[in-house]
file target.pdb (PDB, C-alpha atoms)
ATOM      1  CA  ILE A   1      94.462  63.331 107.971  1.00  0.00           C
ATOM      2  CA  THR A   2      91.319  65.401 108.431  1.00  0.00           C
ATOM      3  CA  LYS A   3      88.938  62.522 107.679  1.00  0.00           C
ATOM      4  CA  ALA A   4      87.042  64.798 105.321  1.00  0.00           C
ATOM      5  CA  PRO A   5      84.517  63.196 102.995  1.00  0.00           C
ATOM      6  CA  PHE A   6      85.542  62.635  99.383  1.00  0.00           C
ATOM      7  CA  TYR A   7      83.360  65.459  98.070  1.00  0.00           C
ATOM      8  CA  VAL A   8      85.231  68.187 100.018  1.00  0.00           C
ATOM      9  CA  SER A   9      87.610  69.907  97.625  1.00  0.00           C
ATOM     10  CA  ASN A  10      91.284  70.501  98.285  1.00  0.00           C
ATOM     11  CA  ASP A  11      90.660  74.234  97.953  1.00  0.00           C
ATOM     12  CA  THR A  12      88.136  74.103 100.788  1.00  0.00           C
ATOM     13  CA  LEU A  13      90.537  72.153 102.986  1.00  0.00           C
ATOM     14  CA  HIS A  14      93.347  74.625 102.344  1.00  0.00           C
ATOM     15  CA  ARG A  15      91.127  77.605 103.178  1.00  0.00           C
ATOM     16  CA  ASP A  16      89.607  76.047 106.303  1.00  0.00           C
ATOM     17  CA  LEU A  17      92.899  74.767 107.719  1.00  0.00           C
ATOM     18  CA  LEU A  18      94.871  77.868 106.622  1.00  0.00           C
ATOM     19  CA  ILE A  19      97.387  75.730 104.723  1.00  0.00           C
ATOM     20  CA  PRO A  20      99.165  77.419 101.798  1.00  0.00           C
ATOM     21  CA  THR A  21      99.030  75.659  98.456  1.00  0.00           C
ATOM     22  CA  VAL A  22     102.152  74.295  96.810  1.00  0.00           C
ATOM     23  CA  LYS A  23     101.947  77.010  94.151  1.00  0.00           C
ATOM     24  CA  ASN A  24     101.873  79.775  96.779  1.00  0.00           C
ATOM     25  CA  VAL A  25     104.808  78.302  98.690  1.00  0.00           C
ATOM     26  CA  ALA A  26     106.818  77.946  95.473  1.00  0.00           C
ATOM     27  CA  LYS A  27     106.054  81.556  94.566  1.00  0.00           C
ATOM     28  CA  ILE A  28     107.206  82.866  97.951  1.00  0.00           C
ATOM     29  CA  LEU A  29     110.395  80.803  97.962  1.00  0.00           C
ATOM     30  CA  TYR A  30     111.336  81.687  94.380  1.00  0.00           C
ATOM     31  CA  LYS A  31     110.818  85.402  95.020  1.00  0.00           C
ATOM     32  CA  ARG A  32     113.044  85.154  98.088  1.00  0.00           C
ATOM     33  CA  PHE A  33     115.683  83.260  96.067  1.00  0.00           C
ATOM     34  CA  HIS A  34     115.505  85.825  93.247  1.00  0.00           C
ATOM     35  CA  LEU A  35     116.089  88.700  95.691  1.00  0.00           C
ATOM     36  CA  LYS A  36     119.186  86.945  96.988  1.00  0.00           C
ATOM     37  CA  LEU A  37     120.513  86.615  93.435  1.00  0.00           C
ATOM     38  CA  VAL A  38     120.018  90.306  92.683  1.00  0.00           C
ATOM     39  CA  ASN A  39     121.920  91.387  95.779  1.00  0.00           C
ATOM     40  CA  HIS A  40     124.754  88.876  95.469  1.00  0.00           C
ATOM     41  CA  ARG A  41     128.342  90.171  95.390  1.00  0.00           C
ATOM     42  CA  ASN A  42     129.446  87.841  92.586  1.00  0.00           C
ATOM     43  CA  PRO A  43     128.638  89.412  89.183  1.00  0.00           C
ATOM     44  CA  LEU A  44     128.188  86.003  87.526  1.00  0.00           C
ATOM     45  CA  ILE A  45     125.469  85.101  89.998  1.00  0.00           C
ATOM     46  CA  GLN A  46     123.869  88.527  89.586  1.00  0.00           C
ATOM     47  CA  ASP A  47     123.552  87.779  85.861  1.00  0.00           C
ATOM     48  CA  LEU A  48     121.423  84.737  86.724  1.00  0.00           C
ATOM     49  CA  SER A  49     118.761  87.010  88.192  1.00  0.00           C
ATOM     50  CA  SER A  50     117.513  88.304  84.829  1.00  0.00           C
ATOM     51  CA  ARG A  51     113.836  87.733  84.119  1.00  0.00           C
ATOM     52  CA  THR A  52     114.451  86.529  80.568  1.00  0.00           C
ATOM     53  CA  LEU A  53     116.601  83.753  79.206  1.00  0.00           C
ATOM     54  CA  PRO A  54     119.486  84.543  76.843  1.00  0.00           C
ATOM     55  CA  GLY A  55     118.422  84.261  73.224  1.00  0.00           C
ATOM     56  CA  ASP A  56     114.730  84.304  74.227  1.00  0.00           C
ATOM     57  CA  PRO A  57     113.913  80.671  73.358  1.00  0.00           C
ATOM     58  CA  GLY A  58     110.370  80.052  72.187  1.00  0.00           C
ATOM     59  CA  ARG A  59     107.998  78.024  74.291  1.00  0.00           C
ATOM     60  CA  ARG A  60     106.677  74.930  72.625  1.00  0.00           C
ATOM     61  CA  LEU A  61     104.240  74.063  75.393  1.00  0.00           C
ATOM     62  CA  LYS A  62     102.157  76.210  77.707  1.00  0.00           C
ATOM     63  CA  ARG A  63     104.364  75.288  80.604  1.00  0.00           C
ATOM     64  CA  THR A  64     105.079  77.714  83.424  1.00  0.00           C
ATOM     65  CA  TRP A  65     108.645  78.504  84.323  1.00  0.00           C
ATOM     66  CA  CYS A  66     109.932  79.655  87.679  1.00  0.00           C
ATOM     67  CA  ARG A  67     110.505  83.113  86.264  1.00  0.00           C
ATOM     68  CA  ASP A  68     106.763  83.349  85.575  1.00  0.00           C
ATOM     69  CA  LEU A  69     106.156  83.391  89.338  1.00  0.00           C
ATOM     70  CA  LEU A  70     107.859  86.796  89.593  1.00  0.00           C
ATOM     71  CA  ALA A  71     105.218  88.465  87.420  1.00  0.00           C
ATOM     72  CA  ASN A  72     102.342  87.754  89.819  1.00  0.00           C
TER      73      ASN A  72
END
call {"tool": "encode", "arguments": {"input": "target.pdb", "output": "structure tokens"}}
result
Amino acid sequence: ITKAPFYVSNDTLHRDLLIPTVKNVAKILYKRFHLKLVNHRNPLIQDLSSRTLPGDPGRRLKRTWCRDLLAN
């Protein structure tokens, strides 16, 4: 789209064109979604807004979960 040479990094393109990264957009949208869960009138949906999972399952891989976006 920008006809940038192959050696220009994606980070440089995002900064120069003021385009948010996918990670930043996901973080913003998940925080907005989480706030809607906290303020919901249905108590079952409010219970979904906890930052931990029931039973605290162990992580077998170093994978990030959506709830990890709330910490940053």
call {"tool": "resolve_selection", "arguments": {"input": "target.pdb", "expression": "the PyMOL selection byres ((chain A and resi 30) around 12)", "output": "list in words"}}
result
Lys23, Asn24, Val25, Ala26, Lys27, Ile28, Leu29, Lys31, Arg32, Phe33, His34, Leu35, Lys36, Leu37, Ser49, Trp65, Cys66, Arg67, Asp68, Leu69, Leu70, Ala71 and Asn72 of chain A
call {"tool": "atom_distance", "arguments": {"input": "target.pdb", "atom1": "atom CA of Lys3 of chain A", "atom2": "atom CA of Val22 of chain A"}}
result
20.8 Å
call {"tool": "atom_distance", "arguments": {"input": "target.pdb", "atom1": "atom CA of Leu48 of chain A", "atom2": "atom CA of Thr64 of chain A"}}
result
18.1 Å
call {"tool": "resolve_selection", "arguments": {"input": "target.pdb", "expression": "the PyMOL selection byres ((chain A and resi 2) around 10)", "output": "list of chain:residue names"}}
result
A:Ile1, A:Lys3, A:Ala4, A:Pro5, A:Leu13, A:Leu17
call {"tool": "axis_aligned_box", "arguments": {"input": "target.pdb", "around": "segment 16-27 of chain A", "padding_each_side": "4 Å", "output": "lines of an AutoDock Vina configuration file"}}
result
center_x = 98.2
center_y = 77.9
center_z = 100.9
size_x = 25.2
size_y = 15.3
size_z = 21.6
call {"tool": "build_atoms", "arguments": {"input": "target.pdb", "residues": "segment 6-17 of chain A", "atoms": "all heavy atoms", "output": "mmCIF file, in the coordinates of the input"}}
result
data_model
loop_
_atom_site.group_PDB
_atom_site.id
_atom_site.type_symbol
_atom_site.label_atom_id
_atom_site.label_comp_id
_atom_site.auth_asym_id
_atom_site.auth_seq_id
_atom_site.Cartn_x
_atom_site.Cartn_y
_atom_site.Cartn_z
ATOM 1 N N PHE A 6 84.917 62.553 100.702
ATOM 2 C CA PHE A 6 85.542 62.635 99.383
ATOM 3 C C PHE A 6 85.073 63.834 98.573
ATOM 4 O O PHE A 6 85.767 64.296 97.684
ATOM 5 C CB PHE A 6 85.291 61.348 98.598
ATOM 6 C CG PHE A 6 83.859 61.151 98.200
ATOM 7 C CD1 PHE A 6 83.406 61.615 96.977
ATOM 8 C CD2 PHE A 6 82.963 60.518 99.047
ATOM 9 C CE1 PHE A 6 82.082 61.437 96.605
ATOM 10 C CE2 PHE A 6 81.646 60.336 98.685
ATOM 11 C CZ PHE A 6 81.196 60.798 97.454
ATOM 12 N N TYR A 7 83.900 64.358 98.870
ATOM 13 C CA TYR A 7 83.360 65.459 98.070
ATOM 14 C C TYR A 7 83.861 66.837 98.521
ATOM 15 O O TYR A 7 83.534 67.847 97.910
ATOM 16 C CB TYR A 7 81.830 65.437 98.072
ATOM 17 C CG TYR A 7 81.197 65.388 99.443
ATOM 18 C CD1 TYR A 7 81.004 66.542 100.182
ATOM 19 C CD2 TYR A 7 80.791 64.173 99.987
ATOM 20 C CE1 TYR A 7 80.434 66.493 101.433
ATOM 21 C CE2 TYR A 7 80.218 64.116 101.234
ATOM 22 C CZ TYR A 7 80.036 65.278 101.959
ATOM 23 O OH TYR A 7 79.472 65.224 103.192
ATOM 24 N N VAL A 8 84.658 66.913 99.582
ATOM 25 C CA VAL A 8 85.231 68.187 100.018
ATOM 26 C C VAL A 8 86.480 68.448 99.177
ATOM 27 O O VAL A 8 87.384 67.622 99.108
ATOM 28 C CB VAL A 8 85.583 68.152 101.521
ATOM 29 C CG1 VAL A 8 86.262 69.435 101.945
ATOM 30 C CG2 VAL A 8 84.336 67.896 102.342
ATOM 31 N N SER A 9 86.509 69.601 98.542
ATOM 32 C CA SER A 9 87.610 69.907 97.625
ATOM 33 C C SER A 9 88.889 70.268 98.391
ATOM 34 O O SER A 9 88.839 70.681 99.561
ATOM 35 C CB SER A 9 87.227 71.061 96.702
ATOM 36 O OG SER A 9 87.101 72.253 97.441
ATOM 37 N N ASN A 10 90.002 70.126 97.700
ATOM 38 C CA ASN A 10 91.284 70.501 98.285
ATOM 39 C C ASN A 10 91.326 71.991 98.590
ATOM 40 O O ASN A 10 91.917 72.411 99.588
ATOM 41 C CB ASN A 10 92.432 70.143 97.337
ATOM 42 C CG ASN A 10 92.708 68.671 97.332
ATOM 43 O OD1 ASN A 10 92.351 67.964 98.254
ATOM 44 N ND2 ASN A 10 93.347 68.211 96.280
ATOM 45 N N ASP A 11 90.696 72.788 97.731
ATOM 46 C CA ASP A 11 90.660 74.234 97.953
ATOM 47 C C ASP A 11 89.950 74.562 99.264
ATOM 48 O O ASP A 11 90.408 75.408 100.036
ATOM 49 C CB ASP A 11 89.969 74.913 96.769
ATOM 50 C CG ASP A 11 90.026 76.412 96.857
ATOM 51 O OD1 ASP A 11 91.131 76.954 97.104
ATOM 52 O OD2 ASP A 11 88.965 77.058 96.684
ATOM 53 N N THR A 12 88.866 73.885 99.538
ATOM 54 C CA THR A 12 88.136 74.103 100.788
ATOM 55 C C THR A 12 88.977 73.700 101.993
ATOM 56 O O THR A 12 89.008 74.411 103.001
ATOM 57 C CB THR A 12 86.821 73.294 100.775
ATOM 58 O OG1 THR A 12 86.067 73.677 99.629
ATOM 59 C CG2 THR A 12 86.010 73.540 102.021
ATOM 60 N N LEU A 13 89.678 72.592 101.881
ATOM 61 C CA LEU A 13 90.537 72.153 102.986
ATOM 62 C C LEU A 13 91.661 73.156 103.246
ATOM 63 O O LEU A 13 91.963 73.483 104.398
ATOM 64 C CB LEU A 13 91.132 70.780 102.673
ATOM 65 C CG LEU A 13 90.159 69.603 102.724
ATOM 66 C CD1 LEU A 13 90.854 68.340 102.265
ATOM 67 C CD2 LEU A 13 89.596 69.433 104.111
ATOM 68 N N HIS A 14 92.264 73.652 102.186
ATOM 69 C CA HIS A 14 93.347 74.625 102.344
ATOM 70 C C HIS A 14 92.849 75.911 103.000
ATOM 71 O O HIS A 14 93.524 76.472 103.859
ATOM 72 C CB HIS A 14 93.991 74.941 100.989
ATOM 73 C CG HIS A 14 94.945 73.895 100.534
ATOM 74 N ND1 HIS A 14 96.245 73.838 100.972
ATOM 75 C CD2 HIS A 14 94.798 72.861 99.690
ATOM 76 C CE1 HIS A 14 96.854 72.811 100.411
ATOM 77 N NE2 HIS A 14 95.984 72.188 99.627
ATOM 78 N N ARG A 15 91.675 76.378 102.585
ATOM 79 C CA ARG A 15 91.127 77.605 103.178
ATOM 80 C C ARG A 15 90.721 77.392 104.636
ATOM 81 O O ARG A 15 91.018 78.236 105.487
ATOM 82 C CB ARG A 15 89.928 78.094 102.374
ATOM 83 C CG ARG A 15 90.337 78.951 101.195
ATOM 84 C CD ARG A 15 89.147 79.597 100.522
ATOM 85 N NE ARG A 15 88.518 78.598 99.638
ATOM 86 C CZ ARG A 15 87.253 78.219 99.704
ATOM 87 N NH1 ARG A 15 86.435 78.728 100.569
ATOM 88 N NH2 ARG A 15 86.784 77.306 98.874
ATOM 89 N N ASP A 16 90.075 76.291 104.941
ATOM 90 C CA ASP A 16 89.607 76.047 106.303
ATOM 91 C C ASP A 16 90.751 75.808 107.282
ATOM 92 O O ASP A 16 90.701 76.250 108.429
ATOM 93 C CB ASP A 16 88.653 74.855 106.338
ATOM 94 C CG ASP A 16 87.321 75.155 105.678
ATOM 95 O OD1 ASP A 16 87.070 76.350 105.379
ATOM 96 O OD2 ASP A 16 86.547 74.208 105.442
ATOM 97 N N LEU A 17 91.778 75.099 106.834
ATOM 98 C CA LEU A 17 92.899 74.767 107.719
ATOM 99 C C LEU A 17 94.039 75.783 107.642
ATOM 100 O O LEU A 17 95.049 75.632 108.322
ATOM 101 C CB LEU A 17 93.429 73.373 107.370
ATOM 102 C CG LEU A 17 92.423 72.230 107.532
ATOM 103 C CD1 LEU A 17 93.023 70.929 107.036
ATOM 104 C CD2 LEU A 17 91.978 72.114 108.976
#
